[in-house]
Amino acid sequence: MKLKLLDGFGIKVLYIVEINNYVVLSNDALLSKIDISKCVDESEFLKFINDNFPSRLVEFTNNISNLKQSKNKKIVNANEYTICMHPSRKCNLHCKYCFCRDEYLPYGEIDIDTAKKAIDYIVFDYGAQGSMYTVDLSGSGEPLLRFEFIKELDEYCDFLRNITGKQILIKFATNATLLTDEIVNYLKNSKCIIYGVSIDGNEKQNSNRQYKNGKSIYSDLIIGIEKINNDLLGLAVTITPNNEEVDEIYRSLYSLNVAAISMHYVRDYDKRSTTSLYNINMGNLLLHYNRLIDLLISHFEKGDYEFIKPLIQGDDYFGVLLTKVLFIGNIPQYRCPAGRSKITVNEKGDLYACSVMNGNDAFYLGDIYKGIDSSLQAKFFNSNIEMSNKCRDCWCRNICAGECMANSYLQNKTFYEPNEFLCKLKLMLIPIAITFVEYLKINYPVAYLLIRNHAISSATYSNSDSATWSILKLLQHYNYKVTFSEVSKQISKLNSNNSKSVDVGIHPEFVEKYLKSFNIKFNAVIMENVTSVEQIKKFPVIAYLNKNKSIYHQYILVECASKETIQYRNLKNINSKTIETESFLNYISNIFIGDFNL
């Protein structure tokens with residue numbers, strides 16, 4: 001085991017690399033004698049303790065042993081599938097750092113028929129066992145130049161939600177300069193669309209973003225954001241040498257009353273460019289990250305625990321690291337979902353592993369007509385931290401998980417070596433993230449718990465709900481016409497307005513209550529502690545998974561049953577599964593919602 005001592009905010013922690021976990025250490029004399037600049041072997045560290053502080057040996061041995069025994073989960077996220085496409089290759093702007101002129105990008109714009117076939121491929125074929133889907137329209141142009149295309153996709157994705165019972169979302173980023181009252185009203189009332197706005201901070205920080213005549217877009221951008229007036233809006237920031245002041249960016253954008261603020265780094269690797277990543281002043285950047293932390297703490301001191309929320313709920317570079325530390329102990333298997341659960345399609349139906357690299361031969365996977373070539377896809381399953389010498393030997397590899405493959409390839413022409421600048425940045429930010437989270441635990445426990453809840457709600461906000469899926473499928477069986485949106489909205493309303501509502505998920509009594517509101521062909525009731533499926537009058541019925549706490553608040557559909565076996569299906573299963581009835585009742589569920597022989 002490799003150990004790393006981290007120091008920040010008056011807190012020292014002993015981080016164990018292989019299990020991605022740590023223990024907080026008392027701030028005493030022994031720690032001042034340990035070199036925190038490098039990792040040490042466990043045996044070397046314990047020898048140091050025994051030689052210098054023998055009375056503390058048992059304490060440290062036990063701490064390390066307890067962490068080793070903690071349950072570490074390997075993260076393989078294949079529940080959510082994303083299909084990316086570039087609806088527009090045109091833009092009404094000419095931003096200084098735009099990468100849309102890269103030669104490998106496709107020239108044509110995808111038509112609606114190809115787009116629908118690509119969505120069908122991800123929902124019904126390649127990702128058929130997923131629990132939710134995202135259609136990502138963020139690409140190399142301004143999506144609102146094809147607003148009618150977006151409206152058609154919206155209707156189609158809602159149609160598919162009603163068929164599958166699963167959440168299907170459309171996401172995109174806009175420059176906001178084309179927003180009209182008509183567009184804003186449609187987007188506000190759309191069934192499947194979530195969108196954000198690109199803005200790089202205040203007027204000075206936003207100077208890289210301009211019209212084709214060189215005029216600043218800032219005033220029009222602010223007008224567009226004010227038109228939206230949506231507390232679910234997210235803002236996306238591109239950090240360049242022109243706007244390194246992350247604390248000032250966050251403070252100014254927070255005043256716009258938005259749900260998420262996500263700051264990421266420019267994909268410009270030409271050192272001669274004024275917007276080049278490599279011209280960012282790392283020392284100045286780190287100074288402003290520390291000021292951002294000070295800014296957050298100043299709000300905690302005033303009892304304002306909402307100020308950090310947009311940082312946690314977005315896809316911010318530092319916010320993601322904070323979230324990973326909040327749920328420490330996970331062991332990542334892959335660097336990112338590119339080429340596995342996230343793919344992109346061009347105007348011909350060709351498939352690539354990454355939206356940024358749409359059209360680059362190195363990222364080619366196949367097409368939506370013949371499917372993905374597993375031999376071409378293999379490198380994306382193999383591109384993990386173990387494939388890079390630099391990542392494999394790095395102490396923070398299990399928090400970082402390796403840098404973006406597109407960034408690696410654009411700099412090094414290989415998937416396996418990280419971008420040097422971003423690698424150094426994470427090596428500075430991760431110790432700050434770990435010690436800051438521990439500082440919150442000790443000094444602001446209320447804030448810490450609220451932040452965890454923000455992170456959980458952000459991760460589950462768009463997920464398909466198994467209660468909605470099971471209700472929709474049950475009603476469809478009885479030819480009752482109901483939409484995904486209706487079920488999802490009403491079942492959530494029942495759950496949230498009742499004092500018996502559980503912390504996560506839908507309680508069975510609200511599934512029963514919702515079904516009773518319809519004049520359907522059976523009397524929906526809850527039966528708890530069912531000992532025999534012979535009590536069930538009609539199939540299918542809904543089962544609530546109460547026997548396994550790790551999958552608590554989940555629902556499945558029992559399609560038929562006998563004294564010996566049960567056939568059931570959940571929202572990820574295309575086909576029914578069969579299990580012995582006794583095993584099902586004893587180890588999966590004995591709570592049913594359906595029609596019984598009472």
# chains A, B, ... in the order shown; residues from 1 in each chain; ligands from 1
>>> residues_around(residues="Thr238 (chain A)", least_positions_apart="2", cutoff="7 Å", atoms="only C-alpha atoms", output="PyMOL selection string")
chain A and resi 200+236+240+263-266
>>> write_last_selection(atoms="all heavy atoms", output="JSON list (two decimals), in the first residue's frame")
[["chain", "number", "residue", "atom", "x", "y", "z"],
["A", 200, "ASP", "N", -18.52, 33.29, -20.07],
["A", 200, "ASP", "CA", -17.20, 33.10, -19.47],
["A", 200, "ASP", "C", -16.92, 34.01, -18.28],
["A", 200, "ASP", "O", -15.76, 34.18, -17.88],
["A", 200, "ASP", "CB", -16.10, 33.30, -20.53],
["A", 200, "ASP", "CG", -16.11, 32.19, -21.57],
["A", 200, "ASP", "OD1", -16.80, 31.19, -21.34],
["A", 200, "ASP", "OD2", -15.43, 32.34, -22.60],
["A", 236, "ALA", "N", -22.12, 27.47, -18.56],
["A", 236, "ALA", "CA", -20.87, 26.79, -18.91],
["A", 236, "ALA", "C", -19.80, 27.83, -19.20],
["A", 236, "ALA", "O", -20.01, 28.75, -20.00],
["A", 236, "ALA", "CB", -21.08, 25.89, -20.12],
["A", 240, "THR", "N", -9.64, 30.46, -19.96],
["A", 240, "THR", "CA", -8.49, 30.74, -20.82],
["A", 240, "THR", "C", -7.55, 31.68, -20.05],
["A", 240, "THR", "O", -7.85, 32.06, -18.91],
["A", 240, "THR", "CB", -8.95, 31.43, -22.13],
["A", 240, "THR", "OG1", -9.35, 32.78, -21.83],
["A", 240, "THR", "CG2", -10.10, 30.69, -22.78],
["A", 263, "MET", "N", -17.15, 25.33, -14.77],
["A", 263, "MET", "CA", -15.95, 25.93, -15.37],
["A", 263, "MET", "C", -15.02, 24.82, -15.87],
["A", 263, "MET", "O", -14.62, 23.96, -15.10],
["A", 263, "MET", "CB", -15.24, 26.82, -14.34],
["A", 263, "MET", "CG", -16.08, 28.00, -13.89],
["A", 263, "MET", "SD", -15.28, 29.06, -12.64],
["A", 263, "MET", "CE", -15.64, 28.13, -11.15],
["A", 264, "HIS", "N", -14.69, 24.88, -17.16],
["A", 264, "HIS", "CA", -13.79, 23.91, -17.77],
["A", 264, "HIS", "C", -12.71, 24.66, -18.55],
["A", 264, "HIS", "O", -12.81, 25.86, -18.79],
["A", 264, "HIS", "CB", -14.56, 22.97, -18.70],
["A", 264, "HIS", "CG", -15.33, 21.92, -17.96],
["A", 264, "HIS", "ND1", -14.82, 20.69, -17.66],
["A", 264, "HIS", "CD2", -16.57, 21.95, -17.42],
["A", 264, "HIS", "CE1", -15.72, 19.98, -16.99],
["A", 264, "HIS", "NE2", -16.79, 20.73, -16.83],
["A", 265, "TYR", "N", -11.70, 23.90, -19.00],
["A", 265, "TYR", "CA", -10.53, 24.52, -19.60],
["A", 265, "TYR", "C", -10.55, 24.44, -21.12],
["A", 265, "TYR", "O", -11.00, 23.46, -21.70],
["A", 265, "TYR", "CB", -9.26, 23.89, -19.02],
["A", 265, "TYR", "CG", -9.13, 24.30, -17.57],
["A", 265, "TYR", "CD1", -9.77, 23.59, -16.58],
["A", 265, "TYR", "CD2", -8.46, 25.46, -17.23],
["A", 265, "TYR", "CE1", -9.73, 24.00, -15.26],
["A", 265, "TYR", "CE2", -8.41, 25.88, -15.91],
["A", 265, "TYR", "CZ", -9.06, 25.15, -14.93],
["A", 265, "TYR", "OH", -9.04, 25.58, -13.64],
["A", 266, "VAL", "N", -10.05, 25.49, -21.75],
["A", 266, "VAL", "CA", -10.07, 25.63, -23.20],
["A", 266, "VAL", "C", -9.32, 24.48, -23.88],
["A", 266, "VAL", "O", -8.29, 24.01, -23.37],
["A", 266, "VAL", "CB", -9.47, 26.99, -23.60],
["A", 266, "VAL", "CG1", -7.99, 27.06, -23.23],
["A", 266, "VAL", "CG2", -9.70, 27.29, -25.07]]
>>> atom_distance(atom1="CA of Ala353 (chain A)", atom2="CA of Ser341 (chain A)")
9.1 Å
>>> closest_residue(among="A:Gly196, A:Gly8, A:Pro508, A:Pro54", to="Asn290 (chain A)", atoms="only C-alpha atoms")
A:Gly8
>>> residues_around(residues="Phe172 (chain A)", least_positions_apart="2", cutoff="8 Å", atoms="only C-alpha atoms", output="CSV table (one decimal) with all heavy atoms, in the first residue's frame")
chain,number,residue,atom,x,y,z
A,136,ASP,N,-27.4,14.5,-26.6
A,136,ASP,CA,-26.6,15.6,-26.4
A,136,ASP,C,-26.4,16.4,-27.8
A,136,ASP,O,-25.7,15.8,-28.7
A,136,ASP,CB,-25.3,15.2,-25.8
A,136,ASP,CG,-24.4,16.4,-25.4
A,136,ASP,OD1,-24.7,17.5,-25.8
A,136,ASP,OD2,-23.4,16.2,-24.7
A,137,LEU,N,-26.9,17.6,-27.8
A,137,LEU,CA,-26.9,18.3,-29.1
A,137,LEU,C,-25.7,19.4,-29.1
A,137,LEU,O,-25.6,20.2,-30.0
A,137,LEU,CB,-28.2,19.1,-29.3
A,137,LEU,CG,-29.4,18.2,-29.4
A,137,LEU,CD1,-30.7,19.1,-29.7
A,137,LEU,CD2,-29.3,17.1,-30.4
A,138,SER,N,-24.9,19.3,-28.0
A,138,SER,CA,-23.8,20.3,-28.0
A,138,SER,C,-22.7,19.8,-28.9
A,138,SER,O,-22.2,18.7,-28.7
A,138,SER,CB,-23.3,20.4,-26.5
A,138,SER,OG,-24.4,20.8,-25.7
A,143,PRO,N,-26.9,25.4,-31.7
A,143,PRO,CA,-28.1,24.5,-31.9
A,143,PRO,C,-29.3,25.3,-32.2
A,143,PRO,O,-30.1,24.8,-33.0
A,143,PRO,CB,-28.2,23.8,-30.5
A,143,PRO,CG,-26.9,23.8,-29.9
A,143,PRO,CD,-26.3,25.1,-30.3
A,170,ILE,N,-33.0,15.6,-23.7
A,170,ILE,CA,-32.2,16.3,-24.7
A,170,ILE,C,-31.5,17.4,-24.0
A,170,ILE,O,-32.1,18.2,-23.3
A,170,ILE,CB,-33.2,16.9,-25.8
A,170,ILE,CG1,-33.9,15.8,-26.6
A,170,ILE,CG2,-32.4,17.8,-26.8
A,170,ILE,CD1,-35.0,16.3,-27.5
A,174,THR,N,-26.3,26.8,-25.5
A,174,THR,CA,-26.6,27.8,-26.4
A,174,THR,C,-25.8,29.1,-26.1
A,174,THR,O,-25.5,29.3,-24.9
A,174,THR,CB,-28.1,28.2,-26.6
A,174,THR,OG1,-28.2,29.3,-27.4
A,174,THR,CG2,-28.7,28.5,-25.2
A,194,ILE,N,-33.4,20.0,-21.5
A,194,ILE,CA,-32.6,20.7,-20.5
A,194,ILE,C,-31.5,21.4,-21.2
A,194,ILE,O,-30.8,20.8,-22.0
A,194,ILE,CB,-32.0,19.8,-19.4
A,194,ILE,CG1,-33.1,19.1,-18.6
A,194,ILE,CG2,-31.1,20.5,-18.5
A,194,ILE,CD1,-32.6,18.1,-17.6
A,195,TYR,N,-31.4,22.7,-21.0
A,195,TYR,CA,-30.3,23.5,-21.7
A,195,TYR,C,-29.6,24.4,-20.8
A,195,TYR,O,-30.0,24.8,-19.7
A,195,TYR,CB,-30.9,24.2,-22.9
A,195,TYR,CG,-31.8,25.4,-22.6
A,195,TYR,CD1,-31.4,26.7,-22.8
A,195,TYR,CD2,-33.1,25.2,-22.1
A,195,TYR,CE1,-32.2,27.8,-22.6
A,195,TYR,CE2,-33.9,26.2,-21.8
A,195,TYR,CZ,-33.5,27.5,-22.0
A,195,TYR,OH,-34.3,28.6,-21.8
A,196,GLY,N,-28.4,24.8,-21.3
A,196,GLY,CA,-27.6,25.8,-20.6
A,196,GLY,C,-27.1,26.9,-21.5
A,196,GLY,O,-27.3,26.8,-22.7
>>> residues_around(residues="region 118-122 of chain A", least_positions_apart="5", cutoff="9 Å", atoms="only C-alpha atoms", output="MDAnalysis selection string")
chainID A and resid 81:83 113 127:128 133 135 157 160 343:345 349 367:369 371
>>> residues_around(residues="region 538-542 of chain A", least_positions_apart="2", cutoff="6 Å", atoms="only C-alpha atoms", output="PyMOL selection string")
chain A and resi 536+556-560+592-595
>>> write_last_selection(atoms="C-alpha atoms", output="PDB file, in the first residue's frame")
ATOM      1  CA  ILE A 536     -52.511 -12.724  -6.574  1.00  0.00           C
ATOM      2  CA  ILE A 556     -40.150  -4.379 -10.838  1.00  0.00           C
ATOM      3  CA  LEU A 557     -42.998  -5.935 -12.798  1.00  0.00           C
ATOM      4  CA  VAL A 558     -43.971  -9.525 -11.977  1.00  0.00           C
ATOM      5  CA  GLU A 559     -45.447 -10.748 -15.244  1.00  0.00           C
ATOM      6  CA  CYS A 560     -46.582 -14.183 -14.132  1.00  0.00           C
ATOM      7  CA  PHE A 592     -46.833  -6.428  -4.074  1.00  0.00           C
ATOM      8  CA  ILE A 593     -49.211  -3.854  -5.523  1.00  0.00           C
ATOM      9  CA  GLY A 594     -51.910  -5.471  -7.610  1.00  0.00           C
ATOM     10  CA  ASP A 595     -55.212  -7.354  -7.647  1.00  0.00           C
TER      11      ASP A 595
END
>>> residues_around(residues="Asp7 (chain A)", least_positions_apart="4", cutoff="9 Å", atoms="only C-alpha atoms", output="VMD selection string")
chain A and resid 11 to 13 36 431 to 432 435
>>> closest_residue(among="A:Ile491, A:Ile150, A:Val446, A:Val246", to="Thr468 (chain A)", atoms="only C-alpha atoms")
A:Ile491
